[in-house]
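> Structure provided below as structure tokens; questions to follow.
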Amino acid sequence: MPVWQHIYEELNDPNFVIISAAQDTGGEAVVGPIFDAANTTYIQIVDTNHTISSVFNFLNVPCAAWVDETGKIVRIDEGTYAKVHHFGGNDVYAPALIDWVKNGTQSEFVQNADTVTKNIRSLSFDELKAEAAFRLGNFFREHGYNEEAEQYWQQARSLNPDSVNYYRQNLTLSEEGSAGESFRKMMTTYAEEGKDYYRPLNLEE
Amino acid sequence: MTEAIMAHPALRHPFEKTSINDTGATVLASGKTIKLAQSLVDGNLWVTPEDLTRINGFELKPQGACYQELCIPIKEDSELLRQVSEQRWFNLTAFADLLEQPYVADTENRIWSFAQAPAKRSDMMADAMAPDFELTDRQGKVVRMSDFKGKKALIITWSSW
């Protein structure tokens with residue numbers, strides 16, 4: 001997160017905004033201190049229900065979209081690690097972003113509408129329904145109804161077994177946490193089955 | 001593999017149990033929680049026209065239920081719209097079925113959770129137009145995608161887990 005703050009300050013462009021949405025059912029208690037520690041001055045949202053991931057059909061967290069002055073998306077659904085990361089991360093994304101903010105439509109990293117729409121995941125009925133079930137589970141959890149929460153989170157998992165987000169968010173309730181043995185097992189299965197954990201980043205596209 | 005990152009301890013503590021619905025019903029939609037002071041439940045969830053707009057932005061007009069340019073024709077006295085005494089009722093769940101919008105209901109606790117309506121995202125799928133959303137930021141200010149016309153925006157997600 002300090003990377004984005006650094007870019008935001010460096011660009012210092014009144015016509016560039018960053019909207020950072022924490023996809024975290026733990027809410028302000030969990031993500032607030034992280035936002036604060038980074039001294040973030042851009043727009044910060046505690047998005048307990050993963051609404052941003054949902055409306056943009058993002059595959060995973062972290063992910064990003066670039067939206068131009070006319071409201072058109074010019075890049076979407078890419079993992080945004082600014083430094084080398086285990087799961088296909090990169091250190092080319094941040095410079096590409098800066099290039100776009102400075103050069104706008106002239107930037108080589110701007111994609112046309114055809115490429116963007118091709119890169120937007122389409123969701124099946126069941127995958128959409130999984131979002132509704134996940135949201136219902138969160139609501140129960142916020143009200144202390146843990147059995148019901150678990151029931152609807154499980155339903156979300158059944159409806160969309162490939163969702164990394166539901167699985168890992170659910171694991172945050174377990175003793176092992178979201179990056180323990182169960183998570184590593186899931187990653188191994190993903191690799192064996194050739195599934196994407198993030199949509200591959202292709203800046204030449 | 002590096003050492004596992006553990007979840008924040010606060011996540012593992014159950015939230016305090018609080019009442020869900022003293023009266024009425026609750027709808028979860030578009031990232032919002034909407035409490036309904038009045039509703040009818042007969043296997044479907046019927047809401048007032050005012051609540052319809054609060055829930056999903058659709059407004060009842062002479063030409064039908066409309067959201068921006070999109071209008072779905074609705075007949076009076078149909079399975080979607082009826083009048084009981086002086087009150088008009090709109091069948092929210094049948095409307096969702098019509099729009100192929102999935103939802104999950106917990107009727108025991110009178111909560112209905114709706115997924116995004118695919119029809120409201122057709123602009124994004126066809127022309128790469130950013131979908132609108134409405135969320136509240138940490139300062140309590142309402143943030144909408146449409147607020148940023150004329151600016152470039154980086155929309156970024158992250159999580160602690």
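Simple scheme: letters A, B, ... for chains in structure tokens order, numbers from 1 for residues in each chain, numbers from 1 for ligands in the order shown.
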Write out as a CSV table (one decimal) with C-alpha atoms, in the first residue's frame the residues lying within 12 Å of Lys17 in chain B, counting only C-alpha atoms and excluding same-chain residues fewer than 4 positions away.

chain,number,residue,atom,x,y,z
A,139,PHE,CA,-24.6,-10.2,7.4
A,140,PHE,CA,-25.1,-13.1,9.8
A,141,ARG,CA,-21.6,-12.9,11.0
A,142,GLU,CA,-21.8,-9.2,11.7
A,143,HIS,CA,-24.8,-10.0,13.9
A,144,GLY,CA,-23.1,-12.8,15.8
A,145,TYR,CA,-25.0,-15.7,14.1
A,146,ASN,CA,-22.0,-17.8,13.4
A,147,GLU,CA,-23.8,-21.0,12.4
B,13,HIS,CA,-13.5,-13.4,17.8
> Counting only C-alpha atoms, what is within 12 Å of Val84 in chain B, bar same-chain residues fewer than 6 positions away, as an mmCIF file with N, CA, C and O atoms, in the first residue's frame?

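The new file part_23.cif reads:
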data_model
loop_
_atom_site.group_PDB
_atom_site.id
_atom_site.type_symbol
_atom_site.label_atom_id
_atom_site.label_comp_id
_atom_site.auth_asym_id
_atom_site.auth_seq_id
_atom_site.Cartn_x
_atom_site.Cartn_y
_atom_site.Cartn_z
ATOM 1 N N SER B 39 -43.610 -5.008 4.363
ATOM 2 C CA SER B 39 -43.389 -5.918 3.248
ATOM 3 C C SER B 39 -44.472 -6.990 3.304
ATOM 4 O O SER B 39 -45.152 -7.142 4.318
ATOM 5 N N LEU B 40 -44.653 -7.709 2.210
ATOM 6 C CA LEU B 40 -45.565 -8.858 2.172
ATOM 7 C C LEU B 40 -44.738 -10.075 1.760
ATOM 8 O O LEU B 40 -43.930 -9.983 0.835
ATOM 9 N N TRP B 46 -42.720 -8.998 -1.513
ATOM 10 C CA TRP B 46 -43.355 -7.817 -2.113
ATOM 11 C C TRP B 46 -42.930 -6.580 -1.330
ATOM 12 O O TRP B 46 -42.967 -6.591 -0.096
ATOM 13 N N VAL B 47 -42.543 -5.527 -2.079
ATOM 14 C CA VAL B 47 -42.093 -4.298 -1.424
ATOM 15 C C VAL B 47 -42.856 -3.112 -1.993
ATOM 16 O O VAL B 47 -43.473 -3.207 -3.058
ATOM 17 N N THR B 48 -42.791 -1.983 -1.303
ATOM 18 C CA THR B 48 -43.460 -0.783 -1.815
ATOM 19 C C THR B 48 -42.620 -0.205 -2.966
ATOM 20 O O THR B 48 -41.413 -0.448 -3.042
ATOM 21 N N GLU B 76 -50.156 -3.407 -14.411
ATOM 22 C CA GLU B 76 -50.863 -3.318 -13.122
ATOM 23 C C GLU B 76 -51.636 -4.632 -12.917
ATOM 24 O O GLU B 76 -52.013 -5.295 -13.881
ATOM 25 N N ASP B 77 -51.868 -4.987 -11.666
ATOM 26 C CA ASP B 77 -52.608 -6.213 -11.357
ATOM 27 C C ASP B 77 -52.034 -7.437 -12.036
ATOM 28 O O ASP B 77 -52.730 -8.209 -12.684
ATOM 29 N N PHE B 90 -44.858 -4.279 -5.086
ATOM 30 C CA PHE B 90 -44.045 -4.745 -6.210
ATOM 31 C C PHE B 90 -43.359 -6.053 -5.813
ATOM 32 O O PHE B 90 -42.753 -6.156 -4.740
#
> For chain A versus chain B, which residues have an atom no more than 7 Å away, and what is each residue's nearest atom pair and distance in Å rounded to one decimal, using only C-alpha atoms, chain-then-number order, as a Markdown table?

| residue | atom | partner | partner_atom | distance |
| --- | --- | --- | --- | --- |
| A:Asn15 | CA | B:Lys151 | CA | 4.6 |
| A:Phe16 | CA | B:Lys152 | CA | 4.7 |
| A:Val17 | CA | B:Ala153 | CA | 4.8 |
| A:Ile18 | CA | B:Leu154 | CA | 4.8 |
| A:Ile19 | CA | B:Ile155 | CA | 5.0 |
| A:Ser20 | CA | B:Ile156 | CA | 4.9 |
| A:Ala21 | CA | B:Thr157 | CA | 4.8 |
| A:Ala22 | CA | B:Trp158 | CA | 5.0 |
| A:Gln23 | CA | B:Ser159 | CA | 5.2 |
| A:Asp24 | CA | B:Ser159 | CA | 5.7 |
| A:Gly26 | CA | B:Leu11 | CA | 5.5 |
| A:Val30 | CA | B:His8 | CA | 6.7 |
| A:Val31 | CA | B:Ser160 | CA | 6.6 |
| A:Ile43 | CA | B:Asp137 | CA | 6.8 |
| A:Gln44 | CA | B:Asp137 | CA | 5.6 |
| A:Ile45 | CA | B:Asp137 | CA | 4.4 |
| A:Val46 | CA | B:Arg138 | CA | 6.8 |
| A:Asn49 | CA | B:Gly31 | CA | 6.5 |
| A:Thr51 | CA | B:Gly31 | CA | 5.7 |
| A:Val55 | CA | B:Pro131 | CA | 6.5 |
| A:Val61 | CA | B:Trp158 | CA | 5.4 |
| A:Pro62 | CA | B:Trp158 | CA | 4.5 |
| A:Cys63 | CA | B:Thr157 | CA | 5.4 |
| A:Ala64 | CA | B:Ile156 | CA | 4.4 |
| A:Ala65 | CA | B:Ile155 | CA | 5.2 |
| A:Trp66 | CA | B:Leu154 | CA | 4.9 |
| A:Val67 | CA | B:Ala153 | CA | 5.1 |
| A:Asp68 | CA | B:Lys152 | CA | 4.6 |
| A:Glu69 | CA | B:Gly150 | CA | 4.2 |
| A:Thr70 | CA | B:Lys149 | CA | 5.9 |
| A:Gly71 | CA | B:Ala130 | CA | 5.7 |
| A:Lys72 | CA | B:Met129 | CA | 4.4 |
| A:Ile73 | CA | B:Ala128 | CA | 5.4 |
| A:Ala113 | CA | B:Ala128 | CA | 5.4 |
| A:Val116 | CA | B:Ala128 | CA | 6.2 |
| A:Thr117 | CA | B:Ala128 | CA | 5.6 |
| A:Phe125 | CA | B:Pro102 | CA | 6.7 |
| A:Leu128 | CA | B:Ala115 | CA | 5.8 |
| A:Lys129 | CA | B:Pro102 | CA | 5.0 |
| A:Glu131 | CA | B:Ala115 | CA | 6.0 |
| A:Ala132 | CA | B:Ala115 | CA | 4.7 |
| A:Ala133 | CA | B:Val104 | CA | 5.9 |
| A:Arg135 | CA | B:Ser113 | CA | 6.9 |
| A:Leu136 | CA | B:Ser113 | CA | 5.9 |
| A:Arg141 | CA | B:Phe15 | CA | 6.7 |
| A:Glu142 | CA | B:Phe15 | CA | 6.0 |
| A:His143 | CA | B:Thr18 | CA | 5.1 |
| A:Gly144 | CA | B:Lys17 | CA | 4.0 |
| A:Tyr145 | CA | B:Lys17 | CA | 6.5 |
| A:Gln169 | CA | B:Trp161 | CA | 6.7 |
| A:Thr172 | CA | B:Ala7 | CA | 5.3 |
| A:Leu173 | CA | B:Arg12 | CA | 4.9 |
| A:Gly177 | CA | B:Met6 | CA | 4.8 |
| A:Ser178 | CA | B:Trp161 | CA | 5.7 |
| A:Ala179 | CA | B:Ala4 | CA | 5.1 |
| A:Gly180 | CA | B:Ala4 | CA | 5.5 |
> Create the file for the chosen residues now, containing C-alpha atoms and written as a PDB file, in the first residue's frame.

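Written output follows (out-v6.pdb):
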ATOM      1  CA  ASN A  15      -7.197  14.838 -12.081  1.00  0.00           C
ATOM      2  CA  PHE A  16      -6.018  11.442 -10.843  1.00  0.00           C
ATOM      3  CA  VAL A  17      -7.734   9.617  -7.988  1.00  0.00           C
ATOM      4  CA  ILE A  18      -7.015   6.336  -6.261  1.00  0.00           C
ATOM      5  CA  ILE A  19      -9.923   4.463  -4.736  1.00  0.00           C
ATOM      6  CA  SER A  20      -8.582   1.745  -2.491  1.00  0.00           C
ATOM      7  CA  ALA A  21     -11.144  -0.781  -1.271  1.00  0.00           C
ATOM      8  CA  ALA A  22     -10.230  -3.293   1.423  1.00  0.00           C
ATOM      9  CA  GLN A  23     -12.121  -6.546   0.728  1.00  0.00           C
ATOM     10  CA  ASP A  24     -12.329  -7.649   4.310  1.00  0.00           C
ATOM     11  CA  GLY A  26     -13.211  -7.939   9.505  1.00  0.00           C
ATOM     12  CA  VAL A  30      -8.842  -5.049  10.916  1.00  0.00           C
ATOM     13  CA  VAL A  31      -8.041  -2.815   7.946  1.00  0.00           C
ATOM     14  CA  ILE A  43      -9.941   7.498  -1.033  1.00  0.00           C
ATOM     15  CA  GLN A  44     -10.176   4.580   1.397  1.00  0.00           C
ATOM     16  CA  ILE A  45     -13.125   2.228   1.559  1.00  0.00           C
ATOM     17  CA  VAL A  46     -13.699  -0.612   3.992  1.00  0.00           C
ATOM     18  CA  ASN A  49     -18.928  -7.288   1.304  1.00  0.00           C
ATOM     19  CA  THR A  51     -18.671  -5.002  -3.543  1.00  0.00           C
ATOM     20  CA  VAL A  55     -19.197  -5.053  -9.653  1.00  0.00           C
ATOM     21  CA  VAL A  61      -7.446  -9.683  -4.441  1.00  0.00           C
ATOM     22  CA  PRO A  62      -5.472  -7.505  -5.027  1.00  0.00           C
ATOM     23  CA  CYS A  63      -6.812  -6.483  -8.391  1.00  0.00           C
ATOM     24  CA  ALA A  64      -7.281  -3.189 -10.179  1.00  0.00           C
ATOM     25  CA  ALA A  65      -9.051  -1.351 -12.947  1.00  0.00           C
ATOM     26  CA  TRP A  66      -8.067   1.865 -14.678  1.00  0.00           C
ATOM     27  CA  VAL A  67     -10.979   4.142 -15.545  1.00  0.00           C
ATOM     28  CA  ASP A  68     -10.420   7.128 -17.826  1.00  0.00           C
ATOM     29  CA  GLU A  69     -11.978  10.615 -17.765  1.00  0.00           C
ATOM     30  CA  THR A  70     -14.996   9.477 -19.767  1.00  0.00           C
ATOM     31  CA  GLY A  71     -15.802   6.598 -17.417  1.00  0.00           C
ATOM     32  CA  LYS A  72     -14.377   3.949 -19.751  1.00  0.00           C
ATOM     33  CA  ILE A  73     -12.296   1.116 -18.369  1.00  0.00           C
ATOM     34  CA  ALA A 113     -12.830  -1.404 -25.480  1.00  0.00           C
ATOM     35  CA  VAL A 116     -11.070  -4.683 -22.110  1.00  0.00           C
ATOM     36  CA  THR A 117     -14.407  -6.404 -22.625  1.00  0.00           C
ATOM     37  CA  PHE A 125     -25.752 -17.663 -12.689  1.00  0.00           C
ATOM     38  CA  LEU A 128     -23.456 -14.594  -9.159  1.00  0.00           C
ATOM     39  CA  LYS A 129     -25.655 -16.474  -6.712  1.00  0.00           C
ATOM     40  CA  GLU A 131     -22.007 -13.567  -4.215  1.00  0.00           C
ATOM     41  CA  ALA A 132     -25.491 -13.259  -2.750  1.00  0.00           C
ATOM     42  CA  ALA A 133     -24.861 -16.215  -0.420  1.00  0.00           C
ATOM     43  CA  ARG A 135     -23.095 -11.437   1.399  1.00  0.00           C
ATOM     44  CA  LEU A 136     -25.806 -13.141   3.471  1.00  0.00           C
ATOM     45  CA  ARG A 141     -21.556 -12.946  11.006  1.00  0.00           C
ATOM     46  CA  GLU A 142     -21.811  -9.220  11.680  1.00  0.00           C
ATOM     47  CA  HIS A 143     -24.793  -9.981  13.902  1.00  0.00           C
ATOM     48  CA  GLY A 144     -23.110 -12.815  15.788  1.00  0.00           C
ATOM     49  CA  TYR A 145     -25.024 -15.656  14.083  1.00  0.00           C
ATOM     50  CA  GLN A 169     -11.816 -15.157   3.744  1.00  0.00           C
ATOM     51  CA  THR A 172      -9.479 -16.284   8.439  1.00  0.00           C
ATOM     52  CA  LEU A 173     -11.875 -17.718  11.025  1.00  0.00           C
ATOM     53  CA  GLY A 177      -5.342 -18.512   9.201  1.00  0.00           C
ATOM     54  CA  SER A 178      -5.685 -17.666   5.532  1.00  0.00           C
ATOM     55  CA  ALA A 179      -2.217 -18.718   4.408  1.00  0.00           C
ATOM     56  CA  GLY A 180      -1.790 -21.963   6.315  1.00  0.00           C
TER      57      GLY A 180
END
> Would you list, as a VMD selection string, the residues of chain B that end up in strand (DSSP E or B) under DSSP run on this structure's backbone?
chain B and resid 25 to 29 32 to 36 40 to 41 45 to 47 59 to 61 64 to 67 70 to 72 81 to 84 87 to 91 103 to 106 111 to 114 129 134 to 137 142 to 144 152 to 158
> Nearest to Arg54 in chain B among B:Leu81, B:Asp42, B:Lys35, B:Ile74, with distances taken over only C-alpha atoms: which residue is it?
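Between B:Leu81, B:Asp42, B:Lys35, B:Ile74, the residue approaching Arg54 in chain B most closely is B:Lys35.
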> May I have all residues of range 134-167 of chain A that DSSP, computed from the backbone, assigns to helix (DSSP H, G or I), given as a ChimeraX atom specification?
/A:134-142,146-159,164-167
> Residues of the last selection are to be written out with N, CA, C and O atoms, as an mmCIF file, in the first residue's frame.

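part16.cif written:
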data_model
loop_
_atom_site.group_PDB
_atom_site.id
_atom_site.type_symbol
_atom_site.label_atom_id
_atom_site.label_comp_id
_atom_site.auth_asym_id
_atom_site.auth_seq_id
_atom_site.Cartn_x
_atom_site.Cartn_y
_atom_site.Cartn_z
ATOM 1 N N PHE A 134 -22.623 -15.299 -0.110
ATOM 2 C CA PHE A 134 -21.482 -14.781 0.667
ATOM 3 C C PHE A 134 -21.898 -13.543 1.455
ATOM 4 O O PHE A 134 -21.610 -13.405 2.648
ATOM 5 N N ARG A 135 -22.625 -12.676 0.775
ATOM 6 C CA ARG A 135 -23.095 -11.437 1.399
ATOM 7 C C ARG A 135 -24.023 -11.748 2.583
ATOM 8 O O ARG A 135 -23.947 -11.106 3.629
ATOM 9 N N LEU A 136 -24.884 -12.747 2.401
ATOM 10 C CA LEU A 136 -25.806 -13.141 3.471
ATOM 11 C C LEU A 136 -25.023 -13.716 4.651
ATOM 12 O O LEU A 136 -25.311 -13.414 5.820
ATOM 13 N N GLY A 137 -24.025 -14.544 4.357
ATOM 14 C CA GLY A 137 -23.161 -15.087 5.416
ATOM 15 C C GLY A 137 -22.489 -13.968 6.203
ATOM 16 O O GLY A 137 -22.440 -13.998 7.431
ATOM 17 N N ASN A 138 -21.994 -12.954 5.490
ATOM 18 C CA ASN A 138 -21.349 -11.815 6.169
ATOM 19 C C ASN A 138 -22.320 -11.101 7.094
ATOM 20 O O ASN A 138 -21.971 -10.705 8.196
ATOM 21 N N PHE A 139 -23.544 -10.938 6.606
ATOM 22 C CA PHE A 139 -24.550 -10.239 7.403
ATOM 23 C C PHE A 139 -24.793 -10.991 8.714
ATOM 24 O O PHE A 139 -24.841 -10.394 9.797
ATOM 25 N N PHE A 140 -24.924 -12.312 8.599
ATOM 26 C CA PHE A 140 -25.141 -13.106 9.822
ATOM 27 C C PHE A 140 -23.930 -12.992 10.754
ATOM 28 O O PHE A 140 -24.068 -12.871 11.962
ATOM 29 N N ARG A 141 -22.754 -13.022 10.166
ATOM 30 C CA ARG A 141 -21.556 -12.946 11.006
ATOM 31 C C ARG A 141 -21.494 -11.613 11.745
ATOM 32 O O ARG A 141 -21.179 -11.560 12.932
ATOM 33 N N GLU A 142 -21.840 -10.541 11.044
ATOM 34 C CA GLU A 142 -21.811 -9.220 11.680
ATOM 35 C C GLU A 142 -22.775 -9.139 12.857
ATOM 36 O O GLU A 142 -22.608 -8.314 13.747
ATOM 37 N N ASN A 146 -23.109 -17.141 14.071
ATOM 38 C CA ASN A 146 -21.983 -17.801 13.396
ATOM 39 C C ASN A 146 -22.368 -19.070 12.648
ATOM 40 O O ASN A 146 -21.782 -19.376 11.617
ATOM 41 N N GLU A 147 -23.354 -19.816 13.161
ATOM 42 C CA GLU A 147 -23.768 -21.037 12.448
ATOM 43 C C GLU A 147 -24.367 -20.695 11.095
ATOM 44 O O GLU A 147 -24.065 -21.319 10.081
ATOM 45 N N GLU A 148 -25.242 -19.702 11.092
ATOM 46 C CA GLU A 148 -25.863 -19.289 9.830
ATOM 47 C C GLU A 148 -24.801 -18.723 8.882
ATOM 48 O O GLU A 148 -24.839 -18.983 7.676
ATOM 49 N N ALA A 149 -23.860 -17.963 9.449
ATOM 50 C CA ALA A 149 -22.789 -17.386 8.620
ATOM 51 C C ALA A 149 -22.032 -18.498 7.905
ATOM 52 O O ALA A 149 -21.815 -18.464 6.695
ATOM 53 N N GLU A 150 -21.673 -19.504 8.677
ATOM 54 C CA GLU A 150 -20.919 -20.629 8.123
ATOM 55 C C GLU A 150 -21.735 -21.331 7.027
ATOM 56 O O GLU A 150 -21.223 -21.681 5.966
ATOM 57 N N GLN A 151 -23.030 -21.517 7.314
ATOM 58 C CA GLN A 151 -23.928 -22.191 6.361
ATOM 59 C C GLN A 151 -23.935 -21.470 5.001
ATOM 60 O O GLN A 151 -23.804 -22.100 3.946
ATOM 61 N N TYR A 152 -24.039 -20.148 5.020
ATOM 62 C CA TYR A 152 -24.136 -19.427 3.747
ATOM 63 C C TYR A 152 -22.766 -19.240 3.089
ATOM 64 O O TYR A 152 -22.668 -19.197 1.864
ATOM 65 N N TRP A 153 -21.712 -19.163 3.880
ATOM 66 C CA TRP A 153 -20.368 -19.139 3.278
ATOM 67 C C TRP A 153 -20.111 -20.468 2.571
ATOM 68 O O TRP A 153 -19.518 -20.511 1.505
ATOM 69 N N GLN A 154 -20.556 -21.557 3.204
ATOM 70 C CA GLN A 154 -20.392 -22.876 2.569
ATOM 71 C C GLN A 154 -21.191 -22.940 1.275
ATOM 72 O O GLN A 154 -20.751 -23.506 0.279
ATOM 73 N N GLN A 155 -22.391 -22.359 1.315
ATOM 74 C CA GLN A 155 -23.212 -22.350 0.102
ATOM 75 C C GLN A 155 -22.478 -21.589 -1.012
ATOM 76 O O GLN A 155 -22.461 -22.022 -2.175
ATOM 77 N N ALA A 156 -21.861 -20.462 -0.652
ATOM 78 C CA ALA A 156 -21.104 -19.688 -1.642
ATOM 79 C C ALA A 156 -19.969 -20.528 -2.228
ATOM 80 O O ALA A 156 -19.738 -20.541 -3.430
ATOM 81 N N ARG A 157 -19.312 -21.265 -1.353
ATOM 82 C CA ARG A 157 -18.219 -22.132 -1.805
ATOM 83 C C ARG A 157 -18.733 -23.212 -2.758
ATOM 84 O O ARG A 157 -18.088 -23.540 -3.749
ATOM 85 N N SER A 158 -19.891 -23.806 -2.430
ATOM 86 C CA SER A 158 -20.451 -24.865 -3.289
ATOM 87 C C SER A 158 -20.848 -24.309 -4.646
ATOM 88 O O SER A 158 -20.672 -24.957 -5.669
ATOM 89 N N LEU A 159 -21.406 -23.084 -4.631
ATOM 90 C CA LEU A 159 -21.857 -22.485 -5.891
ATOM 91 C C LEU A 159 -20.681 -22.041 -6.753
ATOM 92 O O LEU A 159 -20.769 -22.026 -7.974
ATOM 93 N N VAL A 164 -11.181 -18.145 -4.923
ATOM 94 C CA VAL A 164 -10.118 -18.083 -3.914
ATOM 95 C C VAL A 164 -10.548 -17.169 -2.778
ATOM 96 O O VAL A 164 -10.261 -17.415 -1.615
ATOM 97 N N ASN A 165 -11.265 -16.123 -3.117
ATOM 98 C CA ASN A 165 -11.624 -15.119 -2.118
ATOM 99 C C ASN A 165 -12.516 -15.681 -1.020
ATOM 100 O O ASN A 165 -12.287 -15.447 0.155
ATOM 101 N N TYR A 166 -13.562 -16.435 -1.420
ATOM 102 C CA TYR A 166 -14.453 -16.984 -0.391
ATOM 103 C C TYR A 166 -13.686 -17.938 0.503
ATOM 104 O O TYR A 166 -13.843 -17.958 1.711
ATOM 105 N N TYR A 167 -12.861 -18.752 -0.136
ATOM 106 C CA TYR A 167 -12.134 -19.765 0.604
ATOM 107 C C TYR A 167 -11.192 -19.132 1.622
ATOM 108 O O TYR A 167 -11.195 -19.474 2.797
#
> Rounded to one decimal in Å, what is the spacing between CA of Val101 in chain A and CA of Leu11 in chain A?
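Interatomic distance, CA of Val101 in chain A to CA of Leu11 in chain A: 8.0 Å.
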